[in-house]
>>> print(open('work08.cif').read())   # mmCIF, C-alpha atoms; chains and numbers go by the auth columns
data_coords
#
loop_
_atom_site.group_PDB
_atom_site.id
_atom_site.type_symbol
_atom_site.label_atom_id
_atom_site.label_comp_id
_atom_site.label_asym_id
_atom_site.label_seq_id
_atom_site.Cartn_x
_atom_site.Cartn_y
_atom_site.Cartn_z
_atom_site.B_iso_or_equiv
_atom_site.auth_seq_id
_atom_site.auth_asym_id
ATOM 1 C CA MET A 1 -12.632 -67.027 -54.980 0.00 66 B
ATOM 2 C CA ILE A 2 -11.666 -63.518 -53.886 0.00 67 B
ATOM 3 C CA GLN A 3 -11.913 -61.969 -50.436 0.00 68 B
ATOM 4 C CA ILE A 4 -11.270 -58.260 -49.787 0.00 69 B
ATOM 5 C CA LYS A 5 -11.456 -56.677 -46.324 0.00 70 B
ATOM 6 C CA LEU A 6 -10.679 -53.548 -44.367 0.00 71 B
ATOM 7 C CA VAL A 7 -10.520 -54.534 -40.694 0.00 72 B
ATOM 8 C CA ASP A 8 -9.658 -53.304 -37.229 0.00 73 B
ATOM 9 C CA GLN A 9 -7.429 -56.306 -36.575 0.00 74 B
ATOM 10 C CA ILE A 10 -5.861 -58.841 -38.936 0.00 75 B
ATOM 11 C CA GLU A 11 -6.352 -62.508 -38.044 0.00 76 B
ATOM 12 C CA LEU A 12 -3.574 -64.471 -39.756 0.00 77 B
ATOM 13 C CA ASN A 13 -5.056 -67.904 -39.016 0.00 78 B
ATOM 14 C CA GLU A 14 -8.305 -66.935 -40.751 0.00 79 B
ATOM 15 C CA ILE A 15 -6.374 -65.768 -43.795 0.00 80 B
ATOM 16 C CA TYR A 16 -4.369 -68.995 -43.973 0.00 81 B
ATOM 17 C CA SER A 17 -7.554 -71.053 -43.647 0.00 82 B
ATOM 18 C CA PHE A 18 -9.258 -69.056 -46.401 0.00 83 B
ATOM 19 C CA LEU A 19 -6.373 -69.680 -48.828 0.00 84 B
ATOM 20 C CA GLN A 20 -6.560 -73.461 -48.444 0.00 85 B
ATOM 21 C CA HIS A 21 -7.732 -75.245 -51.586 0.00 86 B
ATOM 22 C CA PRO A 22 -7.398 -78.930 -52.522 0.00 87 B
ATOM 23 C CA GLU A 23 -5.909 -78.014 -55.923 0.00 88 B
ATOM 24 C CA ALA A 24 -3.420 -75.485 -54.528 0.00 89 B
ATOM 25 C CA GLY A 25 0.135 -76.728 -54.202 0.00 90 B
ATOM 26 C CA GLY A 26 1.493 -73.224 -53.674 0.00 91 B
ATOM 27 C CA MET A 27 0.436 -70.475 -51.328 0.00 92 B
ATOM 28 C CA ASP A 28 2.144 -67.118 -50.938 0.00 93 B
ATOM 29 C CA LEU A 29 1.560 -64.564 -48.180 0.00 94 B
ATOM 30 C CA PHE A 30 2.913 -61.060 -47.906 0.00 95 B
ATOM 31 C CA ILE A 31 2.512 -59.633 -44.410 0.00 96 B
ATOM 32 C CA GLY A 32 3.366 -55.997 -43.851 0.00 97 B
ATOM 33 C CA ASN A 33 4.028 -55.115 -40.197 0.00 98 B
ATOM 34 C CA VAL A 34 4.610 -51.897 -38.287 0.00 99 B
ATOM 35 C CA ARG A 35 8.357 -51.460 -37.917 0.00 100 B
ATOM 36 C CA ASN A 36 10.095 -49.419 -35.233 0.00 101 B
ATOM 37 C CA HIS A 37 11.848 -46.975 -37.586 0.00 102 B
ATOM 38 C CA ALA A 38 11.376 -44.901 -40.729 0.00 103 B
ATOM 39 C CA GLU A 39 13.453 -42.143 -42.321 0.00 104 B
ATOM 40 C CA GLY A 40 16.136 -42.642 -39.666 0.00 105 B
ATOM 41 C CA LYS A 41 13.722 -41.941 -36.805 0.00 106 B
ATOM 42 C CA ASP A 42 12.150 -44.075 -34.102 0.00 107 B
ATOM 43 C CA VAL A 43 8.515 -44.926 -34.836 0.00 108 B
ATOM 44 C CA VAL A 44 6.145 -45.151 -31.859 0.00 109 B
ATOM 45 C CA LYS A 45 3.006 -46.297 -33.743 0.00 110 B
ATOM 46 C CA LEU A 46 1.120 -45.903 -37.021 0.00 111 B
ATOM 47 C CA GLU A 47 -2.446 -44.937 -37.835 0.00 112 B
ATOM 48 C CA PHE A 48 -4.261 -45.921 -41.041 0.00 113 B
ATOM 49 C CA GLU A 49 -7.286 -44.301 -42.646 0.00 114 B
ATOM 50 C CA ALA A 50 -9.037 -45.045 -45.926 0.00 115 B
ATOM 51 C CA TYR A 51 -11.770 -43.856 -48.169 0.00 116 B
ATOM 52 C CA GLU A 52 -13.379 -47.248 -47.648 0.00 117 B
ATOM 53 C CA PRO A 53 -15.750 -47.574 -50.638 0.00 118 B
ATOM 54 C CA MET A 54 -13.001 -46.621 -53.074 0.00 119 B
ATOM 55 C CA ALA A 55 -10.342 -48.700 -51.298 0.00 120 B
ATOM 56 C CA ILE A 56 -12.524 -51.827 -51.489 0.00 121 B
ATOM 57 C CA SER A 57 -13.329 -51.103 -55.133 0.00 122 B
ATOM 58 C CA GLU A 58 -9.664 -50.645 -56.052 0.00 123 B
ATOM 59 C CA MET A 59 -8.597 -53.780 -54.167 0.00 124 B
ATOM 60 C CA ASN A 60 -11.293 -55.746 -56.014 0.00 125 B
ATOM 61 C CA LYS A 61 -10.041 -54.419 -59.356 0.00 126 B
ATOM 62 C CA LEU A 62 -6.511 -55.542 -58.537 0.00 127 B
ATOM 63 C CA ALA A 63 -7.713 -58.993 -57.476 0.00 128 B
ATOM 64 C CA GLU A 64 -9.682 -59.363 -60.709 0.00 129 B
ATOM 65 C CA ILE A 65 -6.617 -58.405 -62.769 0.00 130 B
ATOM 66 C CA ALA A 66 -4.526 -60.987 -60.908 0.00 131 B
ATOM 67 C CA ALA A 67 -7.220 -63.649 -61.359 0.00 132 B
ATOM 68 C CA LYS A 68 -7.139 -63.090 -65.122 0.00 133 B
ATOM 69 C CA LYS A 69 -3.344 -63.010 -65.364 0.00 134 B
ATOM 70 C CA TRP A 70 -2.535 -66.080 -63.220 0.00 135 B
ATOM 71 C CA PRO A 71 -4.395 -69.379 -62.678 0.00 136 B
ATOM 72 C CA LEU A 72 -5.180 -68.712 -59.021 0.00 137 B
ATOM 73 C CA LYS A 73 -7.467 -70.711 -56.751 0.00 138 B
ATOM 74 C CA LYS A 74 -7.934 -67.974 -54.140 0.00 139 B
ATOM 75 C CA ILE A 75 -6.937 -64.366 -53.508 0.00 140 B
ATOM 76 C CA ILE A 76 -7.197 -62.409 -50.281 0.00 141 B
ATOM 77 C CA ILE A 77 -6.353 -58.770 -49.603 0.00 142 B
ATOM 78 C CA VAL A 78 -6.764 -57.471 -46.053 0.00 143 B
ATOM 79 C CA HIS A 79 -5.714 -54.077 -44.731 0.00 144 B
ATOM 80 C CA ALA A 80 -6.011 -52.864 -41.157 0.00 145 B
ATOM 81 C CA LEU A 81 -7.360 -49.443 -40.246 0.00 146 B
ATOM 82 C CA GLY A 82 -6.880 -47.483 -37.042 0.00 147 B
ATOM 83 C CA VAL A 83 -3.921 -47.233 -34.669 0.00 148 B
ATOM 84 C CA LYS A 84 -1.350 -50.026 -34.888 0.00 149 B
ATOM 85 C CA GLN A 85 1.596 -50.764 -32.623 0.00 150 B
ATOM 86 C CA ILE A 86 5.114 -51.970 -33.463 0.00 151 B
ATOM 87 C CA GLY A 87 4.939 -55.530 -34.787 0.00 152 B
ATOM 88 C CA ASP A 88 1.231 -55.447 -35.656 0.00 153 B
ATOM 89 C CA PRO A 89 0.316 -56.739 -39.118 0.00 154 B
ATOM 90 C CA VAL A 90 -1.264 -53.969 -41.204 0.00 155 B
ATOM 91 C CA VAL A 91 -1.604 -55.509 -44.661 0.00 156 B
ATOM 92 C CA VAL A 92 -1.808 -59.085 -45.871 0.00 157 B
ATOM 93 C CA ILE A 93 -1.877 -60.227 -49.473 0.00 158 B
ATOM 94 C CA GLY A 94 -2.355 -63.927 -50.113 0.00 159 B
ATOM 95 C CA THR A 95 -2.723 -66.084 -53.198 0.00 160 B
ATOM 96 C CA SER A 96 -2.973 -69.815 -53.720 0.00 161 B
ATOM 97 C CA SER A 97 -2.445 -71.717 -56.946 0.00 162 B
ATOM 98 C CA ALA A 98 -1.435 -75.090 -58.277 0.00 163 B
ATOM 99 C CA HIS A 99 2.178 -73.934 -58.622 0.00 164 B
ATOM 100 C CA ARG A 100 4.384 -71.708 -56.479 0.00 165 B
ATOM 101 C CA GLN A 101 5.579 -69.428 -59.271 0.00 166 B
ATOM 102 C CA ASP A 102 2.038 -68.202 -59.963 0.00 167 B
ATOM 103 C CA ALA A 103 1.481 -67.630 -56.239 0.00 168 B
ATOM 104 C CA PHE A 104 4.754 -65.695 -55.861 0.00 169 B
ATOM 105 C CA GLU A 105 4.283 -63.526 -58.947 0.00 170 B
ATOM 106 C CA SER A 106 0.640 -62.690 -58.272 0.00 171 B
ATOM 107 C CA CYS A 107 1.259 -61.823 -54.624 0.00 172 B
ATOM 108 C CA ARG A 108 4.091 -59.475 -55.558 0.00 173 B
ATOM 109 C CA PHE A 109 1.941 -57.828 -58.225 0.00 174 B
ATOM 110 C CA LEU A 110 -0.918 -57.301 -55.761 0.00 175 B
ATOM 111 C CA ILE A 111 1.119 -55.677 -52.985 0.00 176 B
ATOM 112 C CA ASP A 112 3.056 -53.480 -55.411 0.00 177 B
ATOM 113 C CA GLU A 113 -0.129 -52.252 -57.111 0.00 178 B
ATOM 114 C CA LEU A 114 -1.998 -51.820 -53.819 0.00 179 B
ATOM 115 C CA LYS A 115 0.713 -49.444 -52.652 0.00 180 B
ATOM 116 C CA LYS A 116 0.391 -47.430 -55.867 0.00 181 B
ATOM 117 C CA THR A 117 -3.383 -47.225 -56.297 0.00 182 B
ATOM 118 C CA VAL A 118 -5.455 -47.925 -53.181 0.00 183 B
ATOM 119 C CA PRO A 119 -6.533 -44.839 -51.165 0.00 184 B
ATOM 120 C CA ILE A 120 -5.194 -45.804 -47.746 0.00 185 B
ATOM 121 C CA TRP A 121 -3.228 -43.208 -45.800 0.00 186 B
ATOM 122 C CA LYS A 122 -0.741 -43.659 -43.003 0.00 187 B
ATOM 123 C CA LYS A 123 0.123 -41.370 -40.117 0.00 188 B
ATOM 124 C CA GLU A 124 3.547 -42.030 -38.611 0.00 189 B
ATOM 125 C CA TYR A 125 4.044 -41.214 -34.950 0.00 190 B
ATOM 126 C CA PHE A 126 7.705 -40.543 -34.206 0.00 191 B
ATOM 127 C CA THR A 127 9.189 -39.678 -30.832 0.00 192 B
ATOM 128 C CA ASP A 128 9.504 -36.021 -31.917 0.00 193 B
ATOM 129 C CA GLN A 129 6.714 -35.442 -34.496 0.00 194 B
ATOM 130 C CA THR A 130 3.734 -36.871 -36.387 0.00 195 B
ATOM 131 C CA VAL A 131 3.605 -37.066 -40.192 0.00 196 B
ATOM 132 C CA TRP A 132 0.886 -38.083 -42.668 0.00 197 B
ATOM 133 C CA VAL A 133 2.192 -40.210 -45.533 0.00 198 B
ATOM 134 C CA ASN A 134 0.220 -40.183 -48.803 0.00 199 B
ATOM 135 C CA ALA A 135 0.423 -43.917 -49.340 0.00 200 B
ATOM 136 C CA HIS A 136 2.272 -46.962 -48.129 0.00 201 B
ATOM 137 C CA PRO A 137 6.037 -46.589 -47.594 0.00 202 B
#
>>> encode(input="work08.cif", output="structure tokens")
Amino acid sequence: MIQIKLVDQIELNEIYSFLQHPEAGGMDLFIGNVRNHAEGKDVVKLEFEAYEPMAISEMNKLAEIAAKKWPLKKIIIVHALGVKQIGDPVVVIGTSSAHRQDAFESCRFLIDELKKTVPIWKKEYFTDQTVWVNAHP
């Protein structure tokens, strides 16, 4: 089962609950948070925008590739949109499978490919300037 979402706020407990499966002995979560620095500068906050129909479509394609490549029980990809503060989660990739290696490998594949292909843009607010970034850092 696959779940793909673009949301205002990420709920980690909901994601963990979704990934539960009686046949899954391994679960892997990647959580990307807003950090307080980038490029040697202090970050104040981030803002995310997406071309939502295409972002959802691309995330679904990635999940389908992962589902064919690894024997996964569940896959979830959630990305936050809007203004996010330091420490806020902004992207979560989760997979569950019978064995941990499949969960680890598939989760890594999904976050790496999401950063390359999904049309989500980030605006970094520094103490001295604001910069749009084409994709994830």
>>> resolve_selection(input="work08.cif", expression="the PyMOL selection byres ((chain B and resi 176-188) around 9)", output="PyMOL selection string")
chain B and resi 95+110-117+119-124+127+142+144+146+148+156-158+171-175+189-190+195-202
>>> atom_distance(input="work08.cif", atom1="atom CA of B:Leu71", atom2="atom CA of B:Asn98")
15.4 Å
>>> atom_distance(input="work08.cif", atom1="atom CA of B:Ile67", atom2="atom CA of B:Gly152")
26.5 Å
>>> axis_aligned_box(input="work08.cif", around="stretch 71-85 of chain B", padding_each_side="4 Å", output="lines of an AutoDock Vina configuration file")
center_x = -7.1
center_y = -63.4
center_z = -42.7
size_x = 15.1
size_y = 28.2
size_z = 20.3
>>> residues_around(input="work08.cif", residues="B:Gln68", least_positions_apart="5", cutoff="9 Å", atoms="all atoms listed in the file", output="ChimeraX atom specification")
/B:83,125,128,139-143
>>> write_last_selection(input="work08.cif", atoms="C-alpha atoms", output="short mmCIF file (atom, residue, chain, number, x, y, z; two decimals), in the coordinates of the input")
data_model
loop_
_atom_site.label_atom_id
_atom_site.label_comp_id
_atom_site.auth_asym_id
_atom_site.auth_seq_id
_atom_site.Cartn_x
_atom_site.Cartn_y
_atom_site.Cartn_z
CA PHE B 83 -9.26 -69.06 -46.40
CA ASN B 125 -11.29 -55.75 -56.01
CA ALA B 128 -7.71 -58.99 -57.48
CA LYS B 139 -7.93 -67.97 -54.14
CA ILE B 140 -6.94 -64.37 -53.51
CA ILE B 141 -7.20 -62.41 -50.28
CA ILE B 142 -6.35 -58.77 -49.60
CA VAL B 143 -6.76 -57.47 -46.05
#
>>> atom_distance(input="work08.cif", atom1="atom CA of B:Gln74", atom2="atom CA of B:His86")
24.2 Å
>>> closest_residue(input="work08.cif", among="B:Glu88, B:Asp93, B:Asp167, B:Glu79", to="B:Lys133", atoms="all atoms listed in the file")
B:Asp167
>>> closest_residue(input="work08.cif", among="B:Ile69, B:Ala103, B:Ala168, B:Ile130", to="B:Ile151", atoms="only C-alpha atoms")
B:Ala103
>>> closest_residue(input="work08.cif", among="B:Ala145, B:Pro87, B:Gln150, B:Ser161", to="B:Ile75", atoms="only C-alpha atoms")
B:Ala145
>>> closest_residue(input="work08.cif", among="B:Phe191, B:His164, B:Asn101, B:Val155", to="B:Lys70", atoms="all atoms listed in the file")
B:Val155
>>> closest_residue(input="work08.cif", among="B:Val108, B:Ala131, B:Leu77, B:Val72", to="B:Leu94", atoms="all atoms listed in the file")
B:Leu77
>>> closest_residue(input="work08.cif", among="B:Pro154, B:Asp193, B:Asp107, B:Thr160", to="B:Glu76", atoms="only C-alpha atoms")
B:Pro154
